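What's in entry_35.pdb: PDB, C-alpha atoms
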ATOM      1  CA  MET A1088      84.905  31.869 -36.827
ATOM      2  CA  ALA A1089      81.316  31.447 -35.712
ATOM      3  CA  PRO A1090      78.672  31.096 -38.458
ATOM      4  CA  PRO A1091      76.425  34.097 -38.896
ATOM      5  CA  SER A1092      73.197  33.804 -36.957
ATOM      6  CA  ASP A1093      69.781  34.243 -38.553
ATOM      7  CA  PRO A1094      68.300  37.678 -38.121
ATOM      8  CA  PRO A1095      65.755  37.757 -35.332
ATOM      9  CA  ARG A1096      62.168  37.392 -36.479
ATOM     10  CA  PRO A1097      59.922  40.312 -35.690
ATOM     11  CA  ARG A1098      57.481  39.457 -32.978
ATOM     12  CA  ARG A1099      53.837  40.015 -33.666
ATOM     13  CA  SER A1100      52.297  42.592 -31.456
ATOM     14  CA  GLY A1101      49.047  41.606 -29.821
ATOM     15  CA  ALA A1102      48.078  45.243 -29.581
ATOM     16  CA  SER A1103      47.665  45.424 -33.375
ATOM     17  CA  LEU A1104      44.804  42.918 -33.216
ATOM     18  CA  LEU A1105      42.761  44.926 -30.728
ATOM     19  CA  PRO A1106      41.212  47.291 -33.322
ATOM     20  CA  VAL A1107      39.896  44.185 -35.129
ATOM     21  CA  LEU A1108      38.932  42.013 -32.182
ATOM     22  CA  LEU A1109      37.091  44.695 -30.206
ATOM     23  CA  PRO A1110      34.464  45.499 -32.902
ATOM     24  CA  ILE A1111      33.966  41.761 -33.516
ATOM     25  CA  ALA A1112      33.469  41.103 -29.817
ATOM     26  CA  LEU A1113      31.100  44.065 -29.527
ATOM     27  CA  LEU A1114      29.111  42.834 -32.536
ATOM     28  CA  ILE A1115      28.816  39.353 -31.011
ATOM     29  CA  VAL A1116      27.624  40.761 -27.680
ATOM     30  CA  VAL A1117      25.025  42.984 -29.382
ATOM     31  CA  ALA A1118      23.792  40.119 -31.594
ATOM     32  CA  VAL A1119      23.464  37.714 -28.656
ATOM     33  CA  SER A1120      21.714  40.376 -26.562
ATOM     34  CA  VAL A1121      19.183  41.179 -29.281
ATOM     35  CA  GLY A1122      18.613  37.482 -29.954
ATOM     36  CA  SER A1123      18.091  36.764 -26.267
ATOM     37  CA  TRP A1124      15.595  39.592 -25.979
ATOM     38  CA  LEU A1125      13.648  38.415 -29.022
ATOM     39  CA  GLN A1126      13.613  34.826 -27.762
ATOM     40  CA  PHE A1127      12.470  35.930 -24.302
ATOM     41  CA  THR A1128       9.627  38.094 -25.627
ATOM     42  CA  GLU A1129       8.393  35.338 -27.935
ATOM     43  CA  ARG A1130       8.577  32.787 -25.114
ATOM     44  CA  GLN A1131       6.561  35.125 -22.919
ATOM     45  CA  ALA A1132       3.958  35.476 -25.673
ATOM     46  CA  ILE A1133       3.718  31.682 -26.041
ATOM     47  CA  ASP A1134       3.290  31.239 -22.276
ATOM     48  CA  THR A1135       0.642  33.971 -21.979
ATOM     49  CA  VAL A1136      -2.903  32.768 -21.257
ATOM     50  CA  HIS A1137      -5.727  35.209 -22.052
ATOM     51  CA  THR A1138      -8.834  34.939 -19.885
ATOM     52  CA  VAL A1139     -12.207  35.913 -21.364
ATOM     53  CA  GLY A1140     -15.705  35.473 -19.976
ATOM     54  CA  SER A1141     -17.390  34.900 -16.631
ATOM     55  CA  ASP A1142     -15.758  34.319 -13.234
ATOM     56  CA  ALA A1143     -18.812  32.691 -11.652
ATOM     57  CA  ALA A1144     -18.183  29.729  -9.370
ATOM     58  CA  ASP A1145     -20.571  27.531 -11.351
ATOM     59  CA  ARG A1146     -19.274  27.828 -14.902
ATOM     60  CA  VAL A1147     -17.792  25.962 -17.828
ATOM     61  CA  ASP A1148     -14.079  26.498 -18.442
ATOM     62  CA  VAL A1149     -12.917  26.215 -22.050
ATOM     63  CA  GLU A1150      -9.181  25.935 -22.641
ATOM     64  CA  ALA A1151      -8.663  26.884 -26.297
ATOM     65  CA  THR A1152      -5.132  26.518 -27.660
ATOM     66  CA  VAL A1153      -3.962  27.267 -31.208
ATOM     67  CA  GLN A1154      -2.014  24.223 -32.406
ATOM     68  CA  HIS A1155      -1.326  25.125 -36.033
ATOM     69  CA  VAL A1156      -2.092  27.952 -38.441
ATOM     70  CA  ASP A1157      -2.504  27.063 -42.127
ATOM     71  CA  ALA A1158      -2.121  30.395 -43.907
ATOM     72  CA  ALA A1159      -2.609  28.924 -47.381
ATOM     73  CA  ALA A1160      -5.979  27.404 -46.389
ATOM     74  CA  ARG A1161      -6.835  30.357 -44.107
ATOM     75  CA  GLU A1162      -7.583  28.020 -41.221
ATOM     76  CA  LEU A1163      -6.253  27.438 -37.749
ATOM     77  CA  LEU A1164      -6.493  24.287 -35.679
ATOM     78  CA  LEU A1165      -7.870  24.949 -32.213
ATOM     79  CA  ARG A1166      -7.569  22.351 -29.459
ATOM     80  CA  VAL A1167     -10.439  22.646 -26.986
ATOM     81  CA  ARG A1168     -10.615  21.202 -23.492
ATOM     82  CA  VAL A1169     -13.893  21.661 -21.606
ATOM     83  CA  THR A1170     -14.194  21.514 -17.822
ATOM     84  CA  PRO A1171     -17.529  22.059 -16.022
ATOM     85  CA  LEU A1172     -16.936  23.510 -12.556
ATOM     86  CA  GLY A1173     -18.997  23.776  -9.384
ATOM     87  CA  THR A1174     -22.459  22.303  -9.510
ATOM     88  CA  LEU A1175     -22.209  21.901 -13.304
ATOM     89  CA  GLY A1176     -19.639  19.124 -13.172
ATOM     90  CA  GLU A1177     -18.862  15.865 -11.457
ATOM     91  CA  GLN A1178     -15.839  13.589 -11.097
ATOM     92  CA  GLU A1179     -13.662  16.654 -10.466
ATOM     93  CA  GLY A1180     -14.920  18.389 -13.570
ATOM     94  CA  SER A1181     -14.247  15.537 -15.980
ATOM     95  CA  ALA A1182     -17.954  15.038 -16.770
ATOM     96  CA  PRO A1183     -21.056  17.283 -16.894
ATOM     97  CA  VAL A1184     -24.091  16.673 -14.715
ATOM     98  CA  GLY A1185     -26.352  17.083 -17.742
ATOM     99  CA  ASP A1186     -26.181  17.169 -21.513
ATOM    100  CA  LEU A1187     -23.697  19.929 -22.326
ATOM    101  CA  SER A1188     -23.824  21.751 -25.650
ATOM    102  CA  LEU A1189     -21.064  24.187 -26.527
ATOM    103  CA  GLN A1190     -22.096  26.500 -29.336
ATOM    104  CA  THR A1191     -19.230  28.182 -31.173
ATOM    105  CA  SER A1192     -18.814  31.281 -33.323
ATOM    106  CA  VAL A1193     -19.639  31.429 -37.022
ATOM    107  CA  ALA A1194     -15.957  31.122 -37.975
ATOM    108  CA  THR A1195     -15.605  27.871 -36.012
ATOM    109  CA  LEU A1196     -16.494  24.800 -38.033
ATOM    110  CA  GLY A1197     -18.904  22.884 -35.815
ATOM    111  CA  ASP A1198     -20.386  22.911 -32.317
ATOM    112  CA  LEU A1199     -19.417  20.568 -29.473
ATOM    113  CA  GLU A1200     -21.754  18.145 -27.762
ATOM    114  CA  PHE A1201     -21.084  16.207 -24.535
ATOM    115  CA  LYS A1202     -23.365  13.612 -22.940
ATOM    116  CA  ALA A1203     -24.333  13.761 -19.277
ATOM    117  CA  HIS A1204     -22.134  11.822 -16.825
ATOM    118  CA  GLU A1205     -19.690  10.859 -19.603
ATOM    119  CA  ARG A1206     -16.025  11.759 -19.536
ATOM    120  CA  ILE A1207     -15.241  14.843 -21.624
ATOM    121  CA  ALA A1208     -12.571  14.283 -24.273
ATOM    122  CA  ILE A1209     -10.343  16.922 -25.816
ATOM    123  CA  ARG A1210     -11.603  18.069 -29.225
ATOM    124  CA  ASP A1211      -9.865  19.676 -32.191
ATOM    125  CA  VAL A1212     -11.872  22.179 -34.209
ATOM    126  CA  GLN A1213     -11.020  24.249 -37.273
ATOM    127  CA  VAL A1214     -11.514  27.990 -37.333
ATOM    128  CA  ALA A1215     -11.702  29.960 -40.578
ATOM    129  CA  MET A1216      -9.626  33.125 -40.917
ATOM    130  CA  THR A1217     -10.524  36.247 -42.862
ATOM    131  CA  ASP A1218      -8.526  39.079 -44.452
ATOM    132  CA  GLY A1219      -4.868  38.760 -45.292
ATOM    133  CA  SER A1220      -3.173  36.713 -48.000
ATOM    134  CA  VAL A1221      -0.291  34.255 -47.866
ATOM    135  CA  SER A1222       1.228  36.089 -50.847
ATOM    136  CA  ASP A1223       2.138  38.893 -48.405
ATOM    137  CA  TYR A1224       4.575  36.539 -46.627
ATOM    138  CA  PRO A1225       6.348  37.331 -44.302
ATOM    139  CA  PHE A1226       4.203  40.397 -43.584
ATOM    140  CA  ASP A1227       0.797  38.698 -43.892
ATOM    141  CA  THR A1228      -1.793  39.153 -41.140
ATOM    142  CA  TYR A1229      -5.161  37.488 -40.574
ATOM    143  CA  GLU A1230      -8.227  38.034 -38.430
ATOM    144  CA  THR A1231     -10.892  35.800 -36.959
ATOM    145  CA  ASP A1232     -13.064  35.483 -33.892
ATOM    146  CA  ILE A1233     -13.784  32.639 -31.522
ATOM    147  CA  GLY A1234     -16.617  32.361 -29.064
ATOM    148  CA  PHE A1235     -18.309  29.800 -26.858
ATOM    149  CA  ARG A1236     -21.873  29.692 -25.489
ATOM    150  CA  ALA A1237     -22.724  26.831 -23.131
ATOM    151  CA  LEU A1238     -26.109  25.163 -22.673
ATOM    152  CA  LEU A1239     -26.623  22.589 -19.924
ATOM    153  CA  ASP A1240     -29.851  20.647 -20.473
ATOM    154  CA  GLY A1241     -31.008  23.510 -22.678
ATOM    155  CA  LYS A1242     -30.299  26.218 -20.085
ATOM    156  CA  GLN A1243     -27.532  28.754 -20.673
ATOM    157  CA  VAL A1244     -24.673  28.683 -18.145
ATOM    158  CA  PRO A1245     -21.640  30.978 -17.699
ATOM    159  CA  VAL A1246     -18.492  30.293 -19.746
ATOM    160  CA  ARG A1247     -14.873  31.308 -19.226
ATOM    161  CA  MET A1248     -12.327  30.860 -22.010
ATOM    162  CA  LEU A1249      -8.597  30.420 -21.405
ATOM    163  CA  PHE A1250      -6.898  31.149 -24.719
ATOM    164  CA  SER A1251      -3.249  30.436 -25.597
ATOM    165  CA  ASN A1252      -1.096  29.938 -28.682
ATOM    166  CA  ASN A1253       1.310  27.061 -29.369
ATOM    167  CA  ASP A1254       2.205  27.897 -32.989
ATOM    168  CA  THR A1255       5.675  29.447 -32.828
ATOM    169  CA  LEU A1256       5.450  30.731 -36.419
ATOM    170  CA  PHE A1257       2.602  33.112 -35.537
ATOM    171  CA  SER A1258       1.922  35.672 -32.853
ATOM    172  CA  VAL A1259      -1.679  36.264 -31.785
ATOM    173  CA  SER A1260      -3.202  39.378 -30.246
ATOM    174  CA  VAL A1261      -6.491  38.918 -28.388
ATOM    175  CA  THR A1262      -9.269  41.503 -27.993
ATOM    176  CA  PRO A1263     -12.003  40.329 -25.551
ATOM    177  CA  GLY A1264     -15.575  40.986 -26.577
ATOM    178  CA  PRO A1265     -18.244  42.500 -24.314
ATOM    179  CA  SER A1266     -20.073  39.522 -22.878
ATOM    180  CA  GLN A1267     -21.323  38.296 -19.514
ATOM    181  CA  GLN A1268     -22.170  34.629 -19.778
ATOM    182  CA  GLU A1269     -20.534  33.960 -23.147
ATOM    183  CA  ALA A1270     -16.817  34.033 -23.925
ATOM    184  CA  VAL A1271     -15.992  35.884 -27.146
ATOM    185  CA  ALA A1272     -12.656  37.212 -28.430
ATOM    186  CA  ALA A1273     -11.363  38.737 -31.655
ATOM    187  CA  LEU A1274      -7.995  37.417 -32.850
ATOM    188  CA  LYS A1275      -5.353  39.027 -35.046
ATOM    189  CA  LEU A1276      -2.623  36.713 -36.274
ATOM    190  CA  SER A1277       0.714  37.805 -37.738
ATOM    191  CA  ARG A1278       4.063  36.157 -38.342
ATOM    192  CA  SER A1279       6.318  35.884 -35.316
ATOM    193  CA  GLY A1280       9.227  38.268 -34.900
ATOM    194  CA  SER A1281      11.881  35.589 -35.377
ATOM    195  CA  LEU A1282      10.267  34.460 -38.636
ATOM    196  CA  VAL A1283      10.150  38.026 -39.986
ATOM    197  CA  VAL A1284      13.803  38.596 -39.039
ATOM    198  CA  PHE A1285      14.882  35.370 -40.734
ATOM    199  CA  ALA A1286      12.853  36.082 -43.883
ATOM    200  CA  VAL A1287      14.347  39.585 -44.181
ATOM    201  CA  PHE A1288      17.806  38.073 -43.627
ATOM    202  CA  MET A1289      17.121  35.639 -46.480
ATOM    203  CA  MET A1290      16.224  38.508 -48.811
ATOM    204  CA  VAL A1291      19.419  40.364 -47.876
ATOM    205  CA  VAL A1292      21.503  37.235 -48.513
ATOM    206  CA  MET A1293      19.847  36.690 -51.910
ATOM    207  CA  TRP A1294      20.686  40.216 -53.044
ATOM    208  CA  ALA A1295      24.222  39.903 -51.629
ATOM    209  CA  LEU A1296      24.829  36.714 -53.622
ATOM    210  CA  ALA A1297      23.439  38.324 -56.768
ATOM    211  CA  ALA A1298      25.700  41.347 -56.241
ATOM    212  CA  ALA A1299      28.732  39.077 -55.743
ATOM    213  CA  VAL A1300      28.020  37.253 -59.007
ATOM    214  CA  LEU A1301      27.474  40.573 -60.786
ATOM    215  CA  ILE A1302      30.846  41.901 -59.578
ATOM    216  CA  GLY A1303      32.552  38.695 -60.686
ATOM    217  CA  THR A1304      30.892  38.980 -64.091
ATOM    218  CA  TRP A1305      32.093  42.546 -64.500
ATOM    219  CA  TYR A1306      35.653  41.489 -63.693
ATOM    220  CA  LEU A1307      35.671  38.531 -66.098
ATOM    221  CA  THR A1308      34.064  40.349 -69.012
ATOM    222  CA  THR A1309      36.183  43.489 -68.772
ATOM    223  CA  ARG A1310      39.511  41.640 -68.363
ATOM    224  CA  GLY A1311      38.934  39.241 -71.261
ATOM    225  CA  GLU A1312      39.735  36.200 -69.140
ATOM    226  CA  GLY A1313      38.022  33.749 -71.474
ATOM    227  CA  LEU A1314      36.234  30.680 -70.155
ATOM    228  CA  VAL A1315      37.165  30.507 -66.490
ATOM    229  CA  TRP A1316      35.645  27.193 -65.484
ATOM    230  CA  PRO A1317      35.907  27.604 -61.693
ATOM    231  CA  ALA A1318      34.052  30.906 -61.941
ATOM    232  CA  LEU A1319      31.383  29.355 -64.160
ATOM    233  CA  ALA A1320      30.964  26.470 -61.718
ATOM    234  CA  TRP A1321      30.592  28.900 -58.810
ATOM    235  CA  MET A1322      27.933  30.937 -60.636
ATOM    236  CA  ALA A1323      25.970  27.856 -61.694
ATOM    237  CA  ALA A1324      26.155  26.442 -58.159
ATOM    238  CA  THR A1325      24.899  29.751 -56.755
ATOM    239  CA  LEU A1326      21.999  29.727 -59.219
ATOM    240  CA  PHE A1327      20.735  26.333 -58.033
ATOM    241  CA  ALA A1328      21.711  26.757 -54.385
ATOM    242  CA  LEU A1329      19.629  29.919 -54.167
ATOM    243  CA  ALA A1330      16.482  27.955 -55.057
ATOM    244  CA  ALA A1331      17.223  25.413 -52.316
ATOM    245  CA  PHE A1332      17.906  28.249 -49.885
ATOM    246  CA  ARG A1333      14.560  29.840 -50.731
ATOM    247  CA  ASN A1334      12.738  26.583 -49.959
ATOM    248  CA  THR A1335      14.088  26.658 -46.395
ATOM    249  CA  ALA A1336      11.909  29.681 -45.594
ATOM    250  CA  PRO A1337       9.873  28.832 -42.450
ATOM    251  CA  GLY A1338       6.204  28.303 -43.126
ATOM    252  CA  THR A1339       6.839  27.059 -46.715
ATOM    253  CA  PRO A1340       5.415  30.121 -48.513
ATOM    254  CA  PRO A1341       4.139  29.521 -52.061
ATOM    255  CA  ILE A1342       5.850  30.996 -55.098
ATOM    256  CA  GLY A1343       4.732  34.575 -55.710
ATOM    257  CA  SER A1344       5.051  35.915 -52.172
ATOM    258  CA  VAL A1345       6.781  39.120 -51.102
ATOM    259  CA  LEU A1346       9.940  37.075 -50.494
ATOM    260  CA  ASP A1347      10.020  36.167 -54.188
ATOM    261  CA  TRP A1348       9.125  39.527 -55.700
ATOM    262  CA  PHE A1349      11.417  41.487 -53.398
ATOM    263  CA  ALA A1350      14.488  39.274 -53.721
ATOM    264  CA  PHE A1351      14.430  35.660 -54.939
ATOM    265  CA  LEU A1352      13.122  36.007 -58.502
ATOM    266  CA  TRP A1353      15.271  39.059 -59.246
ATOM    267  CA  ALA A1354      18.380  37.502 -57.724
ATOM    268  CA  GLU A1355      17.884  34.375 -59.833
ATOM    269  CA  THR A1356      17.411  36.514 -62.942
ATOM    270  CA  VAL A1357      20.583  38.518 -62.277
ATOM    271  CA  ILE A1358      22.671  35.393 -61.665
ATOM    272  CA  ALA A1359      21.312  33.617 -64.767
ATOM    273  CA  LEU A1360      21.999  36.632 -67.007
ATOM    274  CA  CYS A1361      25.491  37.011 -65.531
ATOM    275  CA  LEU A1362      26.240  33.350 -66.205
ATOM    276  CA  ILE A1363      25.107  33.689 -69.823
ATOM    277  CA  ALA A1364      27.118  36.892 -70.280
ATOM    278  CA  VAL A1365      30.302  35.276 -68.930
ATOM    279  CA  VAL A1366      29.893  32.251 -71.230
ATOM    280  CA  LEU A1367      29.277  34.364 -74.343
ATOM    281  CA  THR A1368      32.152  36.709 -73.574
ATOM    282  CA  GLY A1369      34.462  33.808 -72.747
ATOM    283  CA  VAL A1370      33.624  31.938 -75.951
ATOM    284  CA  ARG A1371      34.219  35.054 -78.033
ATOM    285  CA  THR A1372      37.566  35.647 -76.336
ATOM    286  CA  ALA A1373      38.606  32.027 -76.837
ATOM    287  CA  LEU A1374      37.692  32.117 -80.534
ATOM    288  CA  ARG A1375      39.693  35.274 -81.076
ATOM    289  CA  SER A1376      42.764  33.787 -79.403
ATOM    290  CA  ASP A1377      42.497  30.602 -81.519
ATOM    291  CA  ASP A1378      42.115  32.492 -84.832
ATOM    292  CA  PRO A1379      45.466  32.023 -86.701
ATOM    293  CA  HIS A1380      44.741  34.896 -89.102
ATOM    294  CA  ARG A1381      44.312  37.372 -86.253
ATOM    295  CA  ILE A1382      47.408  39.473 -85.703
TER     296      ILE A1382
END
In structure tokens, write the structure found in this file.
Amino acid sequence: MAPPSDPPRPRRSGASLLPVLLPIALLIVVAVSVGSWLQFTERQAIDTVHTVGSDAADRVDVEATVQHVDAAARELLLRVRVTPLGTLGEQEGSAPVGDLSLQTSVATLGDLEFKAHERIAIRDVQVAMTDGSVSDYPFDTYETDIGFRALLDGKQVPVRMLFSNNDTLFSVSVTPGPSQQEAVAALKLSRSGSLVVFAVFMMVVMWALAAAVLIGTWYLTTRGEGLVWPALAWMAATLFALAAFRNTAPGTPPIGSVLDWFAFLWAETVIALCLIAVVLTGVRTALRSDDPHRI
């Protein structure tokens, strides 16, 4: 007599996974599409060069590029490259034919001086910013203006400014000023779109972690589980990990910013209170269970 065979195992149907896989795939496609669009628009903004000033053949070109924005100090570092063109320059524009003085705006800390027939070197200048406060991070905005007026041997000559931005943490909008021989522009600086998205994501994660700890606290305290050490370790680790996570915010915002008051400080408070509540409830439950006189 042949031994009884094992019952056939039910085969898993691939069709049952489609309702789960399709939304996940759609979510991935949407996320990648939105991310690609944001990256493309920010790359286009970085590559954009704004032209302000005169188009005369004999002029001084000033390439002004933002290298770094220090929101805490309300300053930006501007890298300036000067090129005299036409009859104003020699050696293919690497040196002026006369003493060249480049007067800057009030917000720019210092004017630029170049000797006649000497090679022009790239200069870094600091520009003060007004309005705005770093405590509004990541929604802080600042304003300033930059301008250049060129004098060659004491005589004013036309100037054209080519402005660009290399600081990926900030986006800059440029408003040209009405000028003929001078180059003047008003700047408005705000955090880049990717930075704002990441900062908002951080706030959402902070509240989500606080909510998870709060739900775990409710479960432990209402069920009388006592001192559950793995749960206590998880809560304590979340408390300290959240501080390290906050310090990864791009731009290193100081304590007291919108990021802190909207999420971080409250999330830390909720987690700390939950941890204390679980310990007190657990100790009380453990003492009651160890009491020999308790029936």
Contacts of region 1301-1359 of chain A with region 1270-1279 of chain A up to 12 Å, shortest pair per row, all atoms listed in the file, as CSV:
residue,atom,partner,partner_atom,distance
A:Pro1337,CA,A:Arg1278,CA,10.2
A:Gly1338,CA,A:Arg1278,CA,9.4
A:Pro1340,CA,A:Arg1278,CA,11.9
Report, in Å with one decimal, the straight-line distance from CA of Asp1232 (chain A) to CA of Ser1192 (chain A).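 Taking CA of Asp1232 (chain A) and CA of Ser1192 (chain A), their separation equals 7.1 Å.
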Please determine, counting all atoms listed in the file, which residue among A:Leu1360, A:Ala1330, A:Leu1196, A:Val1315 has the shortest atom-to-atom distance to Ile1233 (chain A).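 So, comparing all the options, the nearest one is A:Leu1196.
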Name the residues that the PyMOL selection byres ((chain A and resi 1258) around 10) picks from the file above, as a PyMOL selection string, using the file's chain letters and numbers. chain A and resi 1129+1132-1133+1228+1252-1257+1259-1260+1275-1280
Selection under test: the PyMOL selection byres ((chain A and resi 1155) around 8); residues as number ranges by chain: A: 1153-1154, 1156-1157, 1163-1165, 1253-1254
Could I get region 1113-1205 of chain A from the block written as a PDB file, in the first residue's frame, with C-alpha atoms?
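part_26.pdb was written with the following content:
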ATOM      1  CA  LEU A1113       2.863  54.853  -8.938  1.00  0.00           C
ATOM      2  CA  LEU A1114       4.152  56.576  -5.792  1.00  0.00           C
ATOM      3  CA  ILE A1115       7.763  55.936  -6.832  1.00  0.00           C
ATOM      4  CA  VAL A1116       7.150  57.324 -10.324  1.00  0.00           C
ATOM      5  CA  VAL A1117       5.454  60.455  -8.941  1.00  0.00           C
ATOM      6  CA  ALA A1118       8.223  61.009  -6.364  1.00  0.00           C
ATOM      7  CA  VAL A1119      10.995  60.621  -8.949  1.00  0.00           C
ATOM      8  CA  SER A1120       9.159  62.907 -11.386  1.00  0.00           C
ATOM      9  CA  VAL A1121       8.674  65.652  -8.804  1.00  0.00           C
ATOM     10  CA  GLY A1122      12.274  65.302  -7.637  1.00  0.00           C
ATOM     11  CA  SER A1123      13.576  65.498 -11.193  1.00  0.00           C
ATOM     12  CA  TRP A1124      11.534  68.610 -11.863  1.00  0.00           C
ATOM     13  CA  LEU A1125      12.756  70.306  -8.691  1.00  0.00           C
ATOM     14  CA  GLN A1126      16.371  69.397  -9.455  1.00  0.00           C
ATOM     15  CA  PHE A1127      16.053  70.658 -13.034  1.00  0.00           C
ATOM     16  CA  THR A1128      14.525  73.997 -12.016  1.00  0.00           C
ATOM     17  CA  GLU A1129      17.178  74.582  -9.358  1.00  0.00           C
ATOM     18  CA  ARG A1130      19.944  73.666 -11.808  1.00  0.00           C
ATOM     19  CA  GLN A1131      18.500  76.125 -14.301  1.00  0.00           C
ATOM     20  CA  ALA A1132      18.461  78.828 -11.623  1.00  0.00           C
ATOM     21  CA  ILE A1133      22.112  78.123 -10.745  1.00  0.00           C
ATOM     22  CA  ASP A1134      23.136  78.295 -14.416  1.00  0.00           C
ATOM     23  CA  THR A1135      21.224  81.530 -15.082  1.00  0.00           C
ATOM     24  CA  VAL A1136      23.368  84.634 -15.639  1.00  0.00           C
ATOM     25  CA  HIS A1137      21.639  88.005 -15.184  1.00  0.00           C
ATOM     26  CA  THR A1138      22.966  90.867 -17.298  1.00  0.00           C
ATOM     27  CA  VAL A1139      22.692  94.426 -15.967  1.00  0.00           C
ATOM     28  CA  GLY A1140      24.179  97.651 -17.287  1.00  0.00           C
ATOM     29  CA  SER A1141      25.591  99.020 -20.525  1.00  0.00           C
ATOM     30  CA  ASP A1142      26.179  97.177 -23.811  1.00  0.00           C
ATOM     31  CA  ALA A1143      28.718  99.669 -25.162  1.00  0.00           C
ATOM     32  CA  ALA A1144      31.697  98.238 -27.021  1.00  0.00           C
ATOM     33  CA  ASP A1145      34.148 100.068 -24.764  1.00  0.00           C
ATOM     34  CA  ARG A1146      33.073  99.012 -21.284  1.00  0.00           C
ATOM     35  CA  VAL A1147      34.105  97.214 -18.132  1.00  0.00           C
ATOM     36  CA  ASP A1148      32.572  93.778 -17.591  1.00  0.00           C
ATOM     37  CA  VAL A1149      32.079  92.710 -13.977  1.00  0.00           C
ATOM     38  CA  GLU A1150      31.325  89.045 -13.350  1.00  0.00           C
ATOM     39  CA  ALA A1151      29.808  88.910  -9.855  1.00  0.00           C
ATOM     40  CA  THR A1152      29.088  85.450  -8.452  1.00  0.00           C
ATOM     41  CA  VAL A1153      27.611  84.630  -5.037  1.00  0.00           C
ATOM     42  CA  GLN A1154      29.880  82.026  -3.436  1.00  0.00           C
ATOM     43  CA  HIS A1155      28.368  81.713   0.036  1.00  0.00           C
ATOM     44  CA  VAL A1156      25.537  83.247   2.040  1.00  0.00           C
ATOM     45  CA  ASP A1157      26.013  83.553   5.811  1.00  0.00           C
ATOM     46  CA  ALA A1158      22.489  84.079   7.125  1.00  0.00           C
ATOM     47  CA  ALA A1159      23.569  84.305  10.765  1.00  0.00           C
ATOM     48  CA  ALA A1160      26.008  87.150   9.985  1.00  0.00           C
ATOM     49  CA  ARG A1161      23.691  88.637   7.323  1.00  0.00           C
ATOM     50  CA  GLU A1162      26.497  88.674   4.779  1.00  0.00           C
ATOM     51  CA  LEU A1163      27.172  87.120   1.419  1.00  0.00           C
ATOM     52  CA  LEU A1164      30.524  86.490  -0.206  1.00  0.00           C
ATOM     53  CA  LEU A1165      30.689  87.867  -3.732  1.00  0.00           C
ATOM     54  CA  ARG A1166      33.463  86.828  -6.109  1.00  0.00           C
ATOM     55  CA  VAL A1167      34.230  89.592  -8.601  1.00  0.00           C
ATOM     56  CA  ARG A1168      36.114  89.278 -11.868  1.00  0.00           C
ATOM     57  CA  VAL A1169      36.749  92.498 -13.803  1.00  0.00           C
ATOM     58  CA  THR A1170      37.460  92.619 -17.532  1.00  0.00           C
ATOM     59  CA  PRO A1171      38.015  95.919 -19.393  1.00  0.00           C
ATOM     60  CA  LEU A1172      36.927  95.587 -23.023  1.00  0.00           C
ATOM     61  CA  GLY A1173      37.608  97.536 -26.204  1.00  0.00           C
ATOM     62  CA  THR A1174      39.878 100.520 -25.883  1.00  0.00           C
ATOM     63  CA  LEU A1175      39.705 100.312 -22.070  1.00  0.00           C
ATOM     64  CA  GLY A1176      41.735  97.125 -21.822  1.00  0.00           C
ATOM     65  CA  GLU A1177      44.887  95.498 -23.080  1.00  0.00           C
ATOM     66  CA  GLN A1178      46.352  91.990 -23.126  1.00  0.00           C
ATOM     67  CA  GLU A1179      42.945  90.630 -24.163  1.00  0.00           C
ATOM     68  CA  GLY A1180      41.195  92.389 -21.323  1.00  0.00           C
ATOM     69  CA  SER A1181      43.444  91.109 -18.550  1.00  0.00           C
ATOM     70  CA  ALA A1182      44.756  94.599 -17.703  1.00  0.00           C
ATOM     71  CA  PRO A1183      43.372  98.167 -17.886  1.00  0.00           C
ATOM     72  CA  VAL A1184      45.009 100.874 -19.966  1.00  0.00           C
ATOM     73  CA  GLY A1185      44.792 103.270 -17.025  1.00  0.00           C
ATOM     74  CA  ASP A1186      44.175 103.259 -13.299  1.00  0.00           C
ATOM     75  CA  LEU A1187      40.794 101.575 -12.865  1.00  0.00           C
ATOM     76  CA  SER A1188      38.645 102.271  -9.818  1.00  0.00           C
ATOM     77  CA  LEU A1189      35.498 100.241  -9.276  1.00  0.00           C
ATOM     78  CA  GLN A1190      33.175 101.917  -6.806  1.00  0.00           C
ATOM     79  CA  THR A1191      30.598  99.631  -5.211  1.00  0.00           C
ATOM     80  CA  SER A1192      27.241 100.079  -3.499  1.00  0.00           C
ATOM     81  CA  VAL A1193      26.825 101.044   0.145  1.00  0.00           C
ATOM     82  CA  ALA A1194      26.064  97.438   1.135  1.00  0.00           C
ATOM     83  CA  THR A1195      29.348  96.215  -0.370  1.00  0.00           C
ATOM     84  CA  LEU A1196      32.253  96.377   2.046  1.00  0.00           C
ATOM     85  CA  GLY A1197      34.988  98.152   0.105  1.00  0.00           C
ATOM     86  CA  ASP A1198      35.794  99.470  -3.366  1.00  0.00           C
ATOM     87  CA  LEU A1199      38.166  97.846  -5.866  1.00  0.00           C
ATOM     88  CA  GLU A1200      41.303  99.440  -7.235  1.00  0.00           C
ATOM     89  CA  PHE A1201      43.413  98.192 -10.170  1.00  0.00           C
ATOM     90  CA  LYS A1202      46.686  99.694 -11.402  1.00  0.00           C
ATOM     91  CA  ALA A1203      47.266 100.539 -15.053  1.00  0.00           C
ATOM     92  CA  HIS A1204      48.890  97.840 -17.218  1.00  0.00           C
ATOM     93  CA  GLU A1205      48.832  95.332 -14.333  1.00  0.00           C
TER      94      GLU A1205
END
